[in-house]
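File shown: start_39.txt (compact mmCIF, C-alpha atoms).
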# COMPACT_ATOMS: atom_id res chain seq x y z
CA MET Z 1 105.85 188.95 81.16
CA ASN Z 2 107.35 185.62 80.09
CA THR Z 3 108.57 185.11 83.61
CA MET Z 4 105.04 185.56 84.98
CA LYS Z 5 103.66 183.06 82.46
CA GLU Z 6 106.41 180.60 83.33
CA MET Z 7 105.62 180.95 87.07
CA VAL Z 8 101.91 180.37 86.46
CA LYS Z 9 102.77 177.35 84.28
CA LYS Z 10 105.13 175.95 86.94
CA ASP Z 11 102.50 176.46 89.62
CA SER Z 12 99.96 174.69 87.42
CA ASP Z 13 102.39 171.82 86.76
CA LEU Z 14 103.03 171.45 90.50
CA ARG Z 15 99.30 171.30 91.22
CA GLU Z 16 98.86 168.63 88.53
CA GLU Z 17 101.78 166.61 89.97
CA GLY Z 18 100.23 166.95 93.42
CA LEU Z 19 96.96 165.60 92.06
CA GLN Z 20 98.81 162.68 90.50
CA VAL Z 21 100.49 161.86 93.85
CA GLU Z 22 97.11 161.96 95.59
CA GLU Z 23 95.61 159.71 92.90
CA ILE Z 24 98.50 157.23 93.31
CA ASP Z 25 98.02 157.27 97.11
CA GLU Z 26 94.29 156.54 96.68
CA LYS Z 27 95.10 153.74 94.21
CA ASN Z 28 97.62 152.22 96.66
CA LYS Z 29 95.09 152.40 99.51
CA SER Z 30 92.47 150.72 97.33
CA GLU Z 31 94.90 147.93 96.31
CA LEU Z 32 95.96 147.43 99.95
CA ALA Z 33 92.33 147.16 101.06
CA ALA Z 34 91.66 144.58 98.32
CA LEU Z 35 94.74 142.59 99.37
CA ILE Z 36 93.68 142.60 103.04
CA LYS Z 37 90.18 141.50 102.04
CA THR Z 38 91.60 138.65 99.91
CA ILE Z 39 93.85 137.46 102.75
CA ALA Z 40 90.93 137.59 105.22
CA VAL Z 41 88.70 135.56 102.87
CA ALA Z 42 91.48 132.99 102.26
CA PHE Z 43 92.05 132.71 106.03
CA GLY Z 44 88.32 132.26 106.63
CA VAL Z 45 88.04 129.57 103.93
CA THR Z 46 91.06 127.74 105.40
CA LEU Z 47 89.53 127.82 108.89
CA PHE Z 48 86.23 126.54 107.53
CA LEU Z 49 87.90 123.71 105.59
CA ASN Z 50 89.98 122.69 108.63
CA SER Z 51 87.03 122.72 111.02
CA ALA Z 52 84.21 121.46 108.79
CA VAL Z 53 85.64 119.53 105.84
CA LEU Z 54 89.24 118.41 106.40
CA VAL Z 55 91.32 117.00 109.23
CA ASN Z 56 94.92 118.12 108.76
CA ALA Z 57 97.04 115.62 110.70
CA MET Z 58 100.67 114.70 111.26
CA VAL Z 59 101.77 111.16 112.15
CA PRO Z 60 103.74 111.30 115.44
CA SER Z 61 104.75 107.64 115.84
CA SER Z 62 105.67 104.45 114.02
CA SER Z 63 102.38 102.63 114.82
CA MET Z 64 101.10 102.86 111.22
CA GLU Z 65 104.41 102.11 109.48
CA GLY Z 66 103.90 100.19 106.31
CA THR Z 67 101.36 102.85 105.31
CA LEU Z 68 102.06 106.05 107.28
CA TYR Z 69 105.47 107.06 108.65
CA PRO Z 70 106.50 109.44 111.46
CA GLY Z 71 106.35 113.01 110.16
CA ASP Z 72 103.92 112.22 107.33
CA ARG Z 73 101.21 114.83 106.92
CA PHE Z 74 97.84 113.81 105.56
CA PHE Z 75 94.29 115.01 105.08
CA GLY Z 76 91.25 113.26 106.48
CA ASN Z 77 87.72 113.83 105.17
CA ARG Z 78 85.37 114.94 107.98
CA LEU Z 79 82.32 114.36 105.76
CA ALA Z 80 83.13 110.75 104.83
CA TYR Z 81 80.87 109.19 107.46
CA GLN Z 82 77.91 111.56 107.35
CA ASN Z 83 75.59 108.80 106.13
CA ASP Z 84 77.36 105.46 106.58
CA GLY Z 85 79.91 104.33 109.14
CA PRO Z 86 83.49 103.25 108.45
CA GLU Z 87 84.17 100.07 106.50
CA ARG Z 88 86.70 97.43 107.39
CA PHE Z 89 90.27 98.51 106.55
CA ASP Z 90 89.42 102.25 106.41
CA ILE Z 91 92.13 104.42 107.94
CA ILE Z 92 90.45 106.74 110.44
CA VAL Z 93 91.43 109.79 112.49
CA PHE Z 94 89.73 109.82 115.89
CA LYS Z 95 89.83 111.04 119.47
CA TYR Z 96 91.84 108.59 121.55
CA PRO Z 97 89.26 106.76 123.73
CA ASP Z 98 91.43 106.94 126.89
CA ASP Z 99 92.15 110.68 126.49
CA GLU Z 100 89.97 112.59 124.01
CA SER Z 101 92.36 115.55 123.96
CA LEU Z 102 94.66 113.39 121.79
CA MET Z 103 94.13 112.52 118.12
CA TYR Z 104 95.02 109.03 116.84
CA VAL Z 105 95.12 107.33 113.44
CA LYS Z 106 94.54 103.58 113.00
CA ARG Z 107 92.93 101.08 110.65
CA VAL Z 108 89.39 99.77 111.22
CA ILE Z 109 89.41 95.99 111.74
CA GLY Z 110 86.25 95.13 113.71
CA LEU Z 111 82.78 96.51 112.90
CA PRO Z 112 79.78 96.99 115.22
CA GLY Z 113 78.36 93.70 116.52
CA GLU Z 114 81.32 91.58 115.42
CA ARG Z 115 83.44 89.25 117.52
CA ILE Z 116 87.16 89.77 116.91
CA GLU Z 117 89.82 87.30 117.99
CA ILE Z 118 93.54 87.31 117.25
CA ILE Z 119 95.17 83.86 117.25
CA ASP Z 120 98.90 83.51 116.60
CA GLY Z 121 98.99 86.92 114.96
CA LYS Z 122 96.02 86.32 112.63
CA VAL Z 123 92.70 88.21 112.96
CA TYR Z 124 89.44 86.24 112.82
CA VAL Z 125 85.90 87.68 112.64
CA ASP Z 126 82.87 85.91 114.15
CA GLY Z 127 84.66 82.58 114.41
CA ASN Z 128 85.21 82.39 110.66
CA GLY Z 129 88.02 79.93 109.97
CA GLU Z 130 89.52 82.26 107.36
CA PRO Z 131 91.75 85.05 108.77
CA LEU Z 132 91.44 88.63 107.50
CA ASN Z 133 93.76 89.87 104.78
CA ASP Z 134 96.78 91.51 106.42
CA SER Z 135 98.96 92.09 103.35
CA PHE Z 136 99.33 95.80 104.27
CA ILE Z 137 100.94 95.27 107.71
CA LYS Z 138 104.62 96.01 108.25
CA GLU Z 139 105.51 92.52 109.52
CA PRO Z 140 103.66 89.45 110.82
CA MET Z 141 101.92 90.13 114.14
CA ILE Z 142 103.09 88.21 117.20
CA GLY Z 143 100.68 86.97 119.88
CA SER Z 144 97.07 86.13 120.58
CA PHE Z 145 94.46 88.59 121.88
CA GLY Z 146 90.77 88.60 122.66
CA PRO Z 147 88.12 87.67 121.91
CA TYR Z 148 86.52 91.13 121.74
CA GLU Z 149 82.79 91.77 121.30
CA VAL Z 150 82.47 95.05 119.40
CA PRO Z 151 79.54 97.15 120.73
CA GLU Z 152 77.02 98.89 118.47
CA ASP Z 153 78.28 102.20 117.04
CA SER Z 154 81.87 101.22 117.92
CA TYR Z 155 84.94 99.93 116.11
CA PHE Z 156 87.98 97.78 116.87
CA VAL Z 157 91.15 99.33 115.41
CA LEU Z 158 94.75 98.25 114.92
CA GLY Z 159 97.93 99.93 113.70
CA ASP Z 160 99.60 98.58 110.58
CA ASN Z 161 102.84 98.17 112.56
CA ARG Z 162 101.05 95.75 114.87
CA ASN Z 163 104.02 94.71 116.99
CA ASN Z 164 104.63 98.37 117.79
CA SER Z 165 101.17 99.91 118.07
CA ASN Z 166 99.14 101.27 120.96
CA ASP Z 167 95.67 100.26 119.73
CA SER Z 168 92.41 98.53 120.73
CA ARG Z 169 94.33 95.54 122.15
CA ARG Z 170 95.94 97.72 124.83
CA TRP Z 171 93.49 100.48 125.75
CA LYS Z 172 91.38 100.74 128.88
CA HIS Z 173 88.46 101.78 126.63
CA THR Z 174 88.97 99.15 123.95
CA PHE Z 175 86.73 100.49 121.17
CA VAL Z 176 86.43 103.72 119.19
CA ARG Z 177 82.88 105.08 119.31
CA ARG Z 178 81.48 106.50 116.09
CA ASP Z 179 81.09 109.95 117.69
CA GLN Z 180 84.86 109.97 118.42
CA ILE Z 181 85.74 109.56 114.74
CA LEU Z 182 86.92 112.82 113.14
CA GLY Z 183 87.34 111.64 109.57
CA LYS Z 184 88.60 109.13 107.04
CA GLY Z 185 92.24 109.29 105.93
CA VAL Z 186 92.33 110.39 102.29
CA VAL Z 187 95.76 111.46 101.07
CA ILE Z 188 99.33 111.90 102.30
CA TYR Z 189 100.52 115.28 101.03
CA TRP Z 190 103.91 115.64 102.74
CA PRO Z 191 106.70 114.75 102.29
CA LEU Z 192 106.27 114.67 98.54
CA LYS Z 193 108.08 111.33 98.22
CA HIS Z 194 105.33 109.74 100.38
CA MET Z 195 102.43 111.40 98.56
CA LYS Z 196 99.66 108.91 97.84
CA LEU Z 197 95.97 108.15 98.33
CA LEU Z 198 95.12 106.20 101.46
CA ASN Z 199 92.88 103.15 101.09
Take the structure in the file and write it out as structure tokens.
Amino acid sequence: MNTMKEMVKKDSDLREEGLQVEEIDEKNKSELAALIKTIAVAFGVTLFLNSAVLVNAMVPSSSMEGTLYPGDRFFGNRLAYQNDGPERFDIIVFKYPDDESLMYVKRVIGLPGERIEIIDGKVYVDGNGEPLNDSFIKEPMIGSFGPYEVPEDSYFVLGDNRNNSNDSRRWKHTFVRRDQILGKGVVIYWPLKHMKLLN
């Protein structure tokens, strides 16, 4: 009689353990589904930010040395010029005018409608006798270039490492059109020792 009761109890215990296993399996499936959903949402947000809000760029050359160095990674703000165009000295990310499949980064020097001339390494705007501030460049620029008449909705750009920069002075299509601009450089985020706001 005791044996029969024990068998019934064991059978009951096994069924309860089986139910617990099934409950754990359902809980694991639910947690896995939530994890997959979270990853999908995070991936979607990242894609949206990269395509609509941020430009995530890496500096490939030394043309902006003094400010940006080869291998630096930085974010550009795609929304910066929704209302107003770039200002002088903004660092911009744009489609290279001679090959729009490439992305470049330079500093805005000449604005729409201006006349830019470089004399003995100094930049002059509209014949003003006072050269532009160039305290941010890597070293004094060598040479004279121009003059350049900047068209409407276009910009004249230079690298901060002016003696080693492929920029508006050297391109077939001299100016960057506003519709080629992808964003304004905002912050270097990598490597950490270079982390800073761009201005």
Which residues, written as an NGL selection string, have at least one atom at most 7 Å from Lys184 (chain Z), with all atoms listed in the file counted and residues fewer than 5 positions away on the same chain left out? :Z and (76-78 or 80 or 90-93)
From the list Z:Gln82, Z:Ser144, Z:Thr174, Z:Ser101, which residue is nearest Arg162 (chain Z) when using only C-alpha atoms?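 The closest residue to Arg162 (chain Z) is Z:Ser144.
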Expressed in Å, the length from CA of Glu114 (chain Z) to CA of Asp98 (chain Z) is 21.7 Å
Distance criterion (all atoms listed in the file): nearest to Asp72 (chain Z) out of Z:Ile119, Z:Ile109, Z:Ile188, Z:Met103: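 Smallest separation from Asp72 (chain Z) among the options: Z:Ile188.
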Counting all atoms listed in the file, what is within 12 Å of Glu149 (chain Z), bar same-chain residues fewer than 4 positions away, as a PyMOL selection string? chain Z and resi 110-117+125-127+154-156+168+174-175
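Considering the residues Z:Leu192, Z:Leu79, Z:Leu198, Z:Val105 and counting all atoms listed in the file, Val176 (chain Z) has its shortest atom-to-atom contact with Z:Val105.
Going from CA of Leu68 (chain Z) over to CA of Asn128 (chain Z), you cover 29.2 Å.
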Any idea what the distance is between CA of Met141 (chain Z) and CA of Lys122 (chain Z)? 7.2 Å
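Shortest separation to Glu87 (chain Z) among Z:Val157, Z:Ser63, Z:Tyr189, Z:Asn164 occurs at residue Z:Val157, atoms counted being all atoms listed in the file.
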Using all atoms of region 80-98 of chain Z that appear in the file, construct an axis-aligned enclosing box with 6 Å of padding on every side and provide its centre coordinates and edge lengths in Å, rounded to one decimal, as lines of an AutoDock Vina configuration file.
center_x = 83.9
center_y = 104.5
center_z = 115.9
size_x = 28.5
size_y = 26.1
size_z = 34.1
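Here the question is which of Z:Leu102, Z:Leu132, Z:Ile142, Z:Ile181 gets nearest to Arg88 (chain Z) using only C-alpha atoms, and that residue is Z:Leu132.
You can rank Z:His173, Z:Ser165, Z:Pro131, Z:Gly85 by their closest distance to Tyr148 (chain Z) using only C-alpha atoms, and at the top of that list sits Z:His173.
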Skip Gly66 (chain Z) itself and residues of its chain fewer than 4 positions away, then list as a PyMOL selection string all residues within 8 Å of it, counting all atoms listed in the file. chain Z and resi 136-138+160-161
Output region 77-173 of chain Z from the block with C-alpha atoms, as an mmCIF file, in the first residue's frame?
data_model
loop_
_atom_site.group_PDB
_atom_site.id
_atom_site.type_symbol
_atom_site.label_atom_id
_atom_site.label_comp_id
_atom_site.auth_asym_id
_atom_site.auth_seq_id
_atom_site.Cartn_x
_atom_site.Cartn_y
_atom_site.Cartn_z
ATOM 1 C CA ASN Z 77 25.939 66.667 -37.833
ATOM 2 C CA ARG Z 78 23.762 66.146 -40.939
ATOM 3 C CA LEU Z 79 21.148 68.597 -39.618
ATOM 4 C CA ALA Z 80 23.536 71.518 -39.030
ATOM 5 C CA TYR Z 81 22.771 73.266 -42.318
ATOM 6 C CA GLN Z 82 19.032 72.653 -42.596
ATOM 7 C CA ASN Z 83 18.288 76.386 -42.365
ATOM 8 C CA ASP Z 84 21.552 78.289 -42.833
ATOM 9 C CA GLY Z 85 24.648 77.447 -44.838
ATOM 10 C CA PRO Z 86 28.142 76.864 -43.466
ATOM 11 C CA GLU Z 87 30.056 79.715 -41.872
ATOM 12 C CA ARG Z 88 33.675 80.565 -42.478
ATOM 13 C CA PHE Z 89 36.048 78.181 -40.672
ATOM 14 C CA ASP Z 90 33.408 75.431 -40.221
ATOM 15 C CA ILE Z 91 34.835 71.952 -40.735
ATOM 16 C CA ILE Z 92 32.581 70.168 -43.219
ATOM 17 C CA VAL Z 93 32.156 66.624 -44.535
ATOM 18 C CA PHE Z 94 31.165 66.573 -48.208
ATOM 19 C CA LYS Z 95 31.132 64.629 -51.451
ATOM 20 C CA TYR Z 96 34.374 65.279 -53.314
ATOM 21 C CA PRO Z 97 33.413 67.521 -56.275
ATOM 22 C CA ASP Z 98 35.600 65.597 -58.768
ATOM 23 C CA ASP Z 99 34.267 62.175 -57.687
ATOM 24 C CA GLU Z 100 31.102 62.154 -55.568
ATOM 25 C CA SER Z 101 31.627 58.534 -54.533
ATOM 26 C CA LEU Z 102 34.374 59.821 -52.198
ATOM 27 C CA MET Z 103 33.860 61.687 -48.922
ATOM 28 C CA TYR Z 104 36.203 64.551 -47.961
ATOM 29 C CA VAL Z 105 36.676 66.757 -44.907
ATOM 30 C CA LYS Z 106 38.020 70.332 -45.139
ATOM 31 C CA ARG Z 107 37.583 73.778 -43.612
ATOM 32 C CA VAL Z 108 35.315 76.408 -45.198
ATOM 33 C CA ILE Z 109 37.314 79.492 -46.218
ATOM 34 C CA GLY Z 110 35.332 81.227 -48.979
ATOM 35 C CA LEU Z 111 31.565 81.863 -48.846
ATOM 36 C CA PRO Z 112 29.100 82.302 -51.729
ATOM 37 C CA GLY Z 113 29.737 85.458 -53.773
ATOM 38 C CA GLU Z 114 33.170 86.143 -52.297
ATOM 39 C CA ARG Z 115 36.454 86.635 -54.127
ATOM 40 C CA ILE Z 116 39.270 84.600 -52.584
ATOM 41 C CA GLU Z 117 42.937 85.202 -53.325
ATOM 42 C CA ILE Z 118 45.995 83.631 -51.721
ATOM 43 C CA ILE Z 119 49.121 85.807 -51.812
ATOM 44 C CA ASP Z 120 52.384 84.515 -50.336
ATOM 45 C CA GLY Z 121 50.506 81.964 -48.265
ATOM 46 C CA LYS Z 122 47.957 84.418 -46.824
ATOM 47 C CA VAL Z 123 44.228 84.284 -47.672
ATOM 48 C CA TYR Z 124 42.426 87.517 -48.596
ATOM 49 C CA VAL Z 125 38.659 87.985 -49.067
ATOM 50 C CA ASP Z 126 37.182 90.547 -51.498
ATOM 51 C CA GLY Z 127 40.431 92.485 -51.780
ATOM 52 C CA ASN Z 128 40.473 93.284 -48.065
ATOM 53 C CA GLY Z 129 44.012 94.235 -47.077
ATOM 54 C CA GLU Z 130 43.748 92.172 -43.877
ATOM 55 C CA PRO Z 131 44.432 88.414 -44.317
ATOM 56 C CA LEU Z 132 42.177 85.822 -42.671
ATOM 57 C CA ASN Z 133 43.145 84.338 -39.333
ATOM 58 C CA ASP Z 134 45.108 81.135 -39.951
ATOM 59 C CA SER Z 135 46.247 80.354 -36.400
ATOM 60 C CA PHE Z 136 44.809 76.809 -36.682
ATOM 61 C CA ILE Z 137 46.927 75.681 -39.672
ATOM 62 C CA LYS Z 138 49.770 73.204 -39.209
ATOM 63 C CA GLU Z 139 52.461 75.459 -40.700
ATOM 64 C CA PRO Z 140 52.626 78.627 -42.819
ATOM 65 C CA MET Z 141 51.258 78.060 -46.330
ATOM 66 C CA ILE Z 142 53.653 78.416 -49.253
ATOM 67 C CA GLY Z 143 52.612 79.959 -52.579
ATOM 68 C CA SER Z 144 50.053 82.192 -54.236
ATOM 69 C CA PHE Z 145 46.770 81.001 -55.775
ATOM 70 C CA GLY Z 146 43.732 82.535 -57.404
ATOM 71 C CA PRO Z 147 41.846 84.736 -57.446
ATOM 72 C CA TYR Z 148 38.709 82.577 -57.185
ATOM 73 C CA GLU Z 149 35.152 83.885 -57.571
ATOM 74 C CA VAL Z 150 32.949 81.694 -55.366
ATOM 75 C CA PRO Z 151 29.577 80.960 -57.055
ATOM 76 C CA GLU Z 152 26.242 81.198 -55.248
ATOM 77 C CA ASP Z 153 25.438 78.131 -53.114
ATOM 78 C CA SER Z 154 29.111 77.078 -53.238
ATOM 79 C CA TYR Z 155 32.126 77.174 -50.937
ATOM 80 C CA PHE Z 156 35.903 77.404 -51.236
ATOM 81 C CA VAL Z 157 37.617 74.957 -48.860
ATOM 82 C CA LEU Z 158 41.163 74.308 -47.675
ATOM 83 C CA GLY Z 159 42.849 71.683 -45.509
ATOM 84 C CA ASP Z 160 44.521 72.805 -42.291
ATOM 85 C CA ASN Z 161 47.751 71.165 -43.479
ATOM 86 C CA ARG Z 162 47.780 73.513 -46.462
ATOM 87 C CA ASN Z 163 51.128 72.506 -47.929
ATOM 88 C CA ASN Z 164 49.905 68.910 -48.045
ATOM 89 C CA SER Z 165 46.220 69.148 -48.932
ATOM 90 C CA ASN Z 166 44.206 68.242 -52.003
ATOM 91 C CA ASP Z 167 41.597 71.017 -51.797
ATOM 92 C CA SER Z 168 39.839 73.775 -53.781
ATOM 93 C CA ARG Z 169 43.183 75.077 -55.101
ATOM 94 C CA ARG Z 170 43.823 71.838 -56.980
ATOM 95 C CA TRP Z 171 40.462 70.407 -58.071
ATOM 96 C CA LYS Z 172 38.980 70.425 -61.553
ATOM 97 C CA HIS Z 173 35.654 71.438 -59.946
#
